[in-house]
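*Asks:* Questions regarding the structure given below will be posed in turn.
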Amino acid sequence: MTTMNGVVVAYDGSDFAMQALDWAMDEAEMRKLPLTVAHAWHWPYGEASDEAKDHLRRAADHVLWHGVSCARATSAVTEVKGELWKGSANDQLVALSGAADLLVVGSRGLSRVPSMMIGSVACHVAAYAACPALVVRGPGPIPAPLHPGPVVVGVDGTPGGRARPVVEFAFAEAALRQLPLVAVRCGLTAPSFGTSMALVPDLTLAEEELGEALTAWQERYPEVRVSARVTLDAPREALTSLSKQAGLIVVGRRRFGHLGSTADPVLRHAACAVAVVAMAD
């Protein structure tokens, strides 16, 4: 799907925003989509003259100009535009996401407490965006590492049904970036047959079943090298651990406005970028 806004990236001039812009430029180039650089500003000091407010607006204009200029000068994206918004960044980004293929944000921006692992804007857009939201985080300067890790997707049950948009995004992203894909089913438990004896699930059989369920996706994306893994660990623990070697973690969001017990902790604690994709109704 190609939308009016294409790839939207939140930009405030911070190092985190520069990481997000770098990722968003790659996405726009690979997807052959326009790039929208978004910046929001507001006057937080109470009553003031229009002249004083205009100074802040012009400073915001300059921040946005810098982001747009960087994208035009350092990428092959054919269409780059800027969107300046007076008001909440949360409102701006969610509004833009309604006509976007992908929304990219940094893990946090300016004026954030240094100890915070992820900012409120990143959490908000991941929960409310109308398109997939990708939060860029992790160690290392720009550009990205020469040898990024695989795309890892958390699979709840079978990779069809409600999970279909999540798996589809992960495969498409792995294909675009020419990376292997690791599909992980977490929290596996053994079936209960009314006995008090603890049962141990057959992980090998479960991995084979997951691999077979992924066959249709592999046929659609033959260039993607796929491996299936099954673990007894809870999803948030397994995916956070895998994020240390991954290039991107893809998780699902079950309800609008609610990240859930997997997406929320993974978004807050993962060591790499995290994409949050709304699951099917």
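Each chain in the structure tokens gets a letter, A, B, ..., in the order shown, and its residues are numbered from 1; ligands are numbered from 1 in order too.
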Would you list the contacts of stretch 152-154 of chain A as a list in words, taking every protein, DNA or RNA residue within 8 Å and counting only C-alpha atoms, but skipping same-chain residues closer than 5 positions in sequence?
*Replies:*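 Contacts, in chain order: Val166, Val167, Ala170, Leu181, Val182, Ala183, Val184, Arg185, Cys186, Pro235, Leu239, Leu242, Ser243, Ala246, Gly247, Leu248, Ile249, Val250, Val251 and Gly252 of chain A.
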*Asks:* Include N, CA and C atoms and write out the residues we just selected as an mmCIF file, in the first residue's frame.
*Replies:*
data_model
loop_
_atom_site.group_PDB
_atom_site.id
_atom_site.type_symbol
_atom_site.label_atom_id
_atom_site.label_comp_id
_atom_site.auth_asym_id
_atom_site.auth_seq_id
_atom_site.Cartn_x
_atom_site.Cartn_y
_atom_site.Cartn_z
ATOM 1 N N VAL A 166 1.086 -8.978 11.744
ATOM 2 C CA VAL A 166 2.375 -8.927 12.440
ATOM 3 C C VAL A 166 3.421 -9.753 11.686
ATOM 4 N N VAL A 167 3.043 -10.973 11.319
ATOM 5 C CA VAL A 167 3.955 -11.856 10.585
ATOM 6 C C VAL A 167 4.254 -11.287 9.202
ATOM 7 N N ALA A 170 6.803 -8.538 9.458
ATOM 8 C CA ALA A 170 8.134 -9.068 9.755
ATOM 9 C C ALA A 170 8.786 -9.668 8.512
ATOM 10 N N LEU A 181 15.020 -14.178 9.194
ATOM 11 C CA LEU A 181 13.880 -13.978 10.076
ATOM 12 C C LEU A 181 13.818 -15.116 11.089
ATOM 13 N N VAL A 182 13.631 -14.752 12.346
ATOM 14 C CA VAL A 182 13.457 -15.734 13.410
ATOM 15 C C VAL A 182 12.039 -15.579 13.952
ATOM 16 N N ALA A 183 11.221 -16.621 13.782
ATOM 17 C CA ALA A 183 9.855 -16.617 14.303
ATOM 18 C C ALA A 183 9.853 -17.385 15.620
ATOM 19 N N VAL A 184 9.368 -16.746 16.674
ATOM 20 C CA VAL A 184 9.444 -17.324 18.014
ATOM 21 C C VAL A 184 8.051 -17.471 18.620
ATOM 22 N N ARG A 185 7.733 -18.693 19.017
ATOM 23 C CA ARG A 185 6.517 -18.925 19.794
ATOM 24 C C ARG A 185 6.937 -19.090 21.244
ATOM 25 N N CYS A 186 6.429 -18.221 22.092
ATOM 26 C CA CYS A 186 6.881 -18.182 23.486
ATOM 27 C C CYS A 186 5.812 -18.714 24.428
ATOM 28 N N PRO A 235 6.764 -14.466 26.722
ATOM 29 C CA PRO A 235 7.118 -13.668 25.549
ATOM 30 C C PRO A 235 8.015 -12.473 25.856
ATOM 31 N N LEU A 239 11.689 -12.446 24.099
ATOM 32 C CA LEU A 239 11.936 -11.457 23.059
ATOM 33 C C LEU A 239 12.941 -10.408 23.506
ATOM 34 N N LEU A 242 16.321 -12.043 23.143
ATOM 35 C CA LEU A 242 16.718 -12.158 21.738
ATOM 36 C C LEU A 242 17.077 -10.807 21.136
ATOM 37 N N SER A 243 16.537 -9.722 21.700
ATOM 38 C CA SER A 243 16.803 -8.393 21.150
ATOM 39 C C SER A 243 18.271 -7.997 21.237
ATOM 40 N N ALA A 246 19.435 -9.125 17.912
ATOM 41 C CA ALA A 246 18.536 -8.857 16.779
ATOM 42 C C ALA A 246 18.748 -7.470 16.212
ATOM 43 N N GLY A 247 18.280 -7.291 14.975
ATOM 44 C CA GLY A 247 18.274 -5.959 14.382
ATOM 45 C C GLY A 247 16.935 -5.281 14.579
ATOM 46 N N LEU A 248 15.888 -6.088 14.702
ATOM 47 C CA LEU A 248 14.533 -5.565 14.876
ATOM 48 C C LEU A 248 13.665 -6.637 15.523
ATOM 49 N N ILE A 249 12.856 -6.227 16.490
ATOM 50 C CA ILE A 249 11.850 -7.101 17.099
ATOM 51 C C ILE A 249 10.482 -6.631 16.632
ATOM 52 N N VAL A 250 9.643 -7.550 16.184
ATOM 53 C CA VAL A 250 8.290 -7.217 15.738
ATOM 54 C C VAL A 250 7.291 -7.875 16.681
ATOM 55 N N VAL A 251 6.399 -7.071 17.262
ATOM 56 C CA VAL A 251 5.397 -7.583 18.188
ATOM 57 C C VAL A 251 4.021 -7.067 17.779
ATOM 58 N N GLY A 252 2.991 -7.738 18.255
ATOM 59 C CA GLY A 252 1.623 -7.355 17.943
ATOM 60 C C GLY A 252 0.981 -6.541 19.046
#
*Asks:* I need the residues in stretch 193-273 of chain A that are strand (DSSP E) according to DSSP; give them as a ChimeraX atom specification.
*Replies:* /A:226-230,248-253,273
*Asks:* Can you write out the residues you just picked, keeping all heavy atoms, as a short mmCIF file (atom, residue, chain, number, x, y, z; two decimals), in the first residue's frame?
*Replies:*
data_model
loop_
_atom_site.label_atom_id
_atom_site.label_comp_id
_atom_site.auth_asym_id
_atom_site.auth_seq_id
_atom_site.Cartn_x
_atom_site.Cartn_y
_atom_site.Cartn_z
N VAL A 226 14.35 -18.39 6.98
CA VAL A 226 13.51 -18.41 8.17
C VAL A 226 13.92 -19.53 9.11
O VAL A 226 14.23 -20.64 8.67
CB VAL A 226 12.02 -18.58 7.80
CG1 VAL A 226 11.15 -18.51 9.05
CG2 VAL A 226 11.60 -17.53 6.80
N SER A 227 13.91 -19.25 10.39
CA SER A 227 14.08 -20.29 11.39
C SER A 227 12.97 -20.15 12.43
O SER A 227 12.55 -19.04 12.76
CB SER A 227 15.46 -20.20 12.08
OG SER A 227 15.61 -18.96 12.73
N ALA A 228 12.47 -21.29 12.91
CA ALA A 228 11.38 -21.31 13.89
C ALA A 228 11.94 -21.74 15.25
O ALA A 228 12.69 -22.70 15.34
CB ALA A 228 10.28 -22.25 13.44
N ARG A 229 11.54 -21.04 16.29
CA ARG A 229 11.98 -21.38 17.64
C ARG A 229 10.78 -21.42 18.57
O ARG A 229 9.84 -20.64 18.42
CB ARG A 229 12.99 -20.36 18.17
CG ARG A 229 14.29 -20.27 17.38
CD ARG A 229 15.26 -19.34 18.06
NE ARG A 229 16.43 -19.10 17.24
CZ ARG A 229 17.43 -18.27 17.58
NH1 ARG A 229 17.38 -17.63 18.74
NH2 ARG A 229 18.45 -18.09 16.77
N VAL A 230 10.85 -22.31 19.52
CA VAL A 230 9.81 -22.42 20.54
C VAL A 230 10.48 -22.42 21.90
O VAL A 230 11.52 -23.04 22.09
CB VAL A 230 8.98 -23.71 20.34
CG1 VAL A 230 7.95 -23.86 21.46
CG2 VAL A 230 8.28 -23.70 18.99
N LEU A 248 15.89 -6.09 14.70
CA LEU A 248 14.53 -5.57 14.88
C LEU A 248 13.67 -6.64 15.52
O LEU A 248 13.73 -7.80 15.15
CB LEU A 248 13.93 -5.18 13.52
CG LEU A 248 12.46 -4.75 13.49
CD1 LEU A 248 12.28 -3.43 14.23
CD2 LEU A 248 11.95 -4.62 12.07
N ILE A 249 12.86 -6.23 16.49
CA ILE A 249 11.85 -7.10 17.10
C ILE A 249 10.48 -6.63 16.63
O ILE A 249 10.18 -5.43 16.67
CB ILE A 249 11.91 -7.03 18.64
CG1 ILE A 249 13.25 -7.54 19.18
CG2 ILE A 249 10.75 -7.83 19.25
CD1 ILE A 249 13.44 -9.03 19.14
N VAL A 250 9.64 -7.55 16.18
CA VAL A 250 8.29 -7.22 15.74
C VAL A 250 7.29 -7.88 16.68
O VAL A 250 7.33 -9.10 16.88
CB VAL A 250 8.04 -7.69 14.29
CG1 VAL A 250 6.64 -7.27 13.84
CG2 VAL A 250 9.10 -7.11 13.35
N VAL A 251 6.40 -7.07 17.26
CA VAL A 251 5.40 -7.58 18.19
C VAL A 251 4.02 -7.07 17.78
O VAL A 251 3.89 -6.07 17.06
CB VAL A 251 5.70 -7.17 19.65
CG1 VAL A 251 6.95 -7.85 20.16
CG2 VAL A 251 5.82 -5.66 19.77
N GLY A 252 2.99 -7.74 18.25
CA GLY A 252 1.62 -7.35 17.94
C GLY A 252 0.98 -6.54 19.05
O GLY A 252 1.33 -6.67 20.22
N ARG A 253 0.03 -5.71 18.64
CA ARG A 253 -0.80 -4.92 19.58
C ARG A 253 -2.23 -5.41 19.43
O ARG A 253 -2.83 -5.31 18.36
CB ARG A 253 -0.70 -3.44 19.23
CG ARG A 253 -1.42 -2.51 20.19
CD ARG A 253 -1.47 -1.10 19.62
NE ARG A 253 -2.46 -0.98 18.55
CZ ARG A 253 -2.48 0.00 17.64
NH1 ARG A 253 -1.54 0.92 17.64
NH2 ARG A 253 -3.42 0.03 16.71
N ALA A 273 15.74 -1.95 17.88
CA ALA A 273 14.50 -1.32 17.44
C ALA A 273 13.33 -2.28 17.59
O ALA A 273 13.49 -3.50 17.47
CB ALA A 273 14.63 -0.88 15.98
#
*Asks:* Which residues are close to A:Thr78, i.e. within 12 Å by only C-alpha atoms, leaving aside same-chain residues fewer than 4 positions away? Reply as a PyMOL selection string.
*Replies:* chain A and resi 6+25+28-36+71-74
*Asks:* Would you list, as a count of residues only, the residues of stretch 1-138 of chain A that end up in helix (DSSP H, G or I) under DSSP run on this structure's backbone?
*Replies:* 60
*Asks:* Using only C-alpha atoms, which of A:Leu93, A:Cys70, A:Leu84, A:Leu267 sits nearest A:Arg58?
*Replies:* A:Leu84
*Asks:* Of the candidates A:Ala174, A:Ala280, A:Ala271, A:Leu210, which shows the shortest atom-to-atom distance to A:Pro222, using only C-alpha atoms?
*Replies:*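 For A:Pro222, the nearest of the given residues is A:Ala174.
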*Asks:* Given the choices A:Glu223, A:Val7, A:Asp264, A:Trp41, which gets closest to A:Pro132 if the distance is worked out from only C-alpha atoms?
*Replies:*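 So, comparing all the options, the nearest one is A:Val7.
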*Asks:* Between atom CA of A:Val276 and atom CA of A:Ser88, what is the distance in Å, rounded to a tenth?
*Replies:*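 For atom CA of A:Val276 relative to atom CA of A:Ser88, the distance reads 21.2 Å.
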*Asks:* Could you pull the residues within 8 Å of A:Gly13, counting only C-alpha atoms, minus those fewer than 2 positions along the same chain, as a list in words?
*Replies:* Tyr11, Asp15, Ala17, Met18, Val63, His66, Gly67 and Leu110 of chain A
*Asks:* Considering only C-alpha atoms, state which residue in the set A:Glu209, A:Glu79, A:Asp61, A:Glu237 is at the smallest distance from A:Met4.
*Replies:*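 Ranking A:Glu209, A:Glu79, A:Asp61, A:Glu237 by distance to A:Met4, first place goes to A:Glu79.
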*Asks:* With only C-alpha atoms as the atoms that count, which of A:Gly119, A:Pro148, A:Pro165, A:Gly82 lies nearest to A:Ala275?
*Replies:*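 Ranking A:Gly119, A:Pro148, A:Pro165, A:Gly82 by distance to A:Ala275, first place goes to A:Pro165.
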*Asks:* Take atom CA of A:Ala60 and atom CA of A:Arg268 and report the distance between them in Å, one decimal.
*Replies:* 28.1 Å
*Asks:* Extract, using only C-alpha atoms, all DNA, RNA and protein residues at most 9 Å from A:Tyr128, discarding same-chain residues fewer than 4 positions from it, and format them as a list in words.
*Replies:* Val94, Cys123, His124, Phe256, Gly257, His258 and Leu259 of chain A
*Asks:* Using only C-alpha atoms for the distances, tell me which of A:Val151, A:Val266, A:Ala59, A:Val125 is nearest to A:Ala175.
*Replies:*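 With only C-alpha atoms as the atom set, the closest residue is A:Val151.
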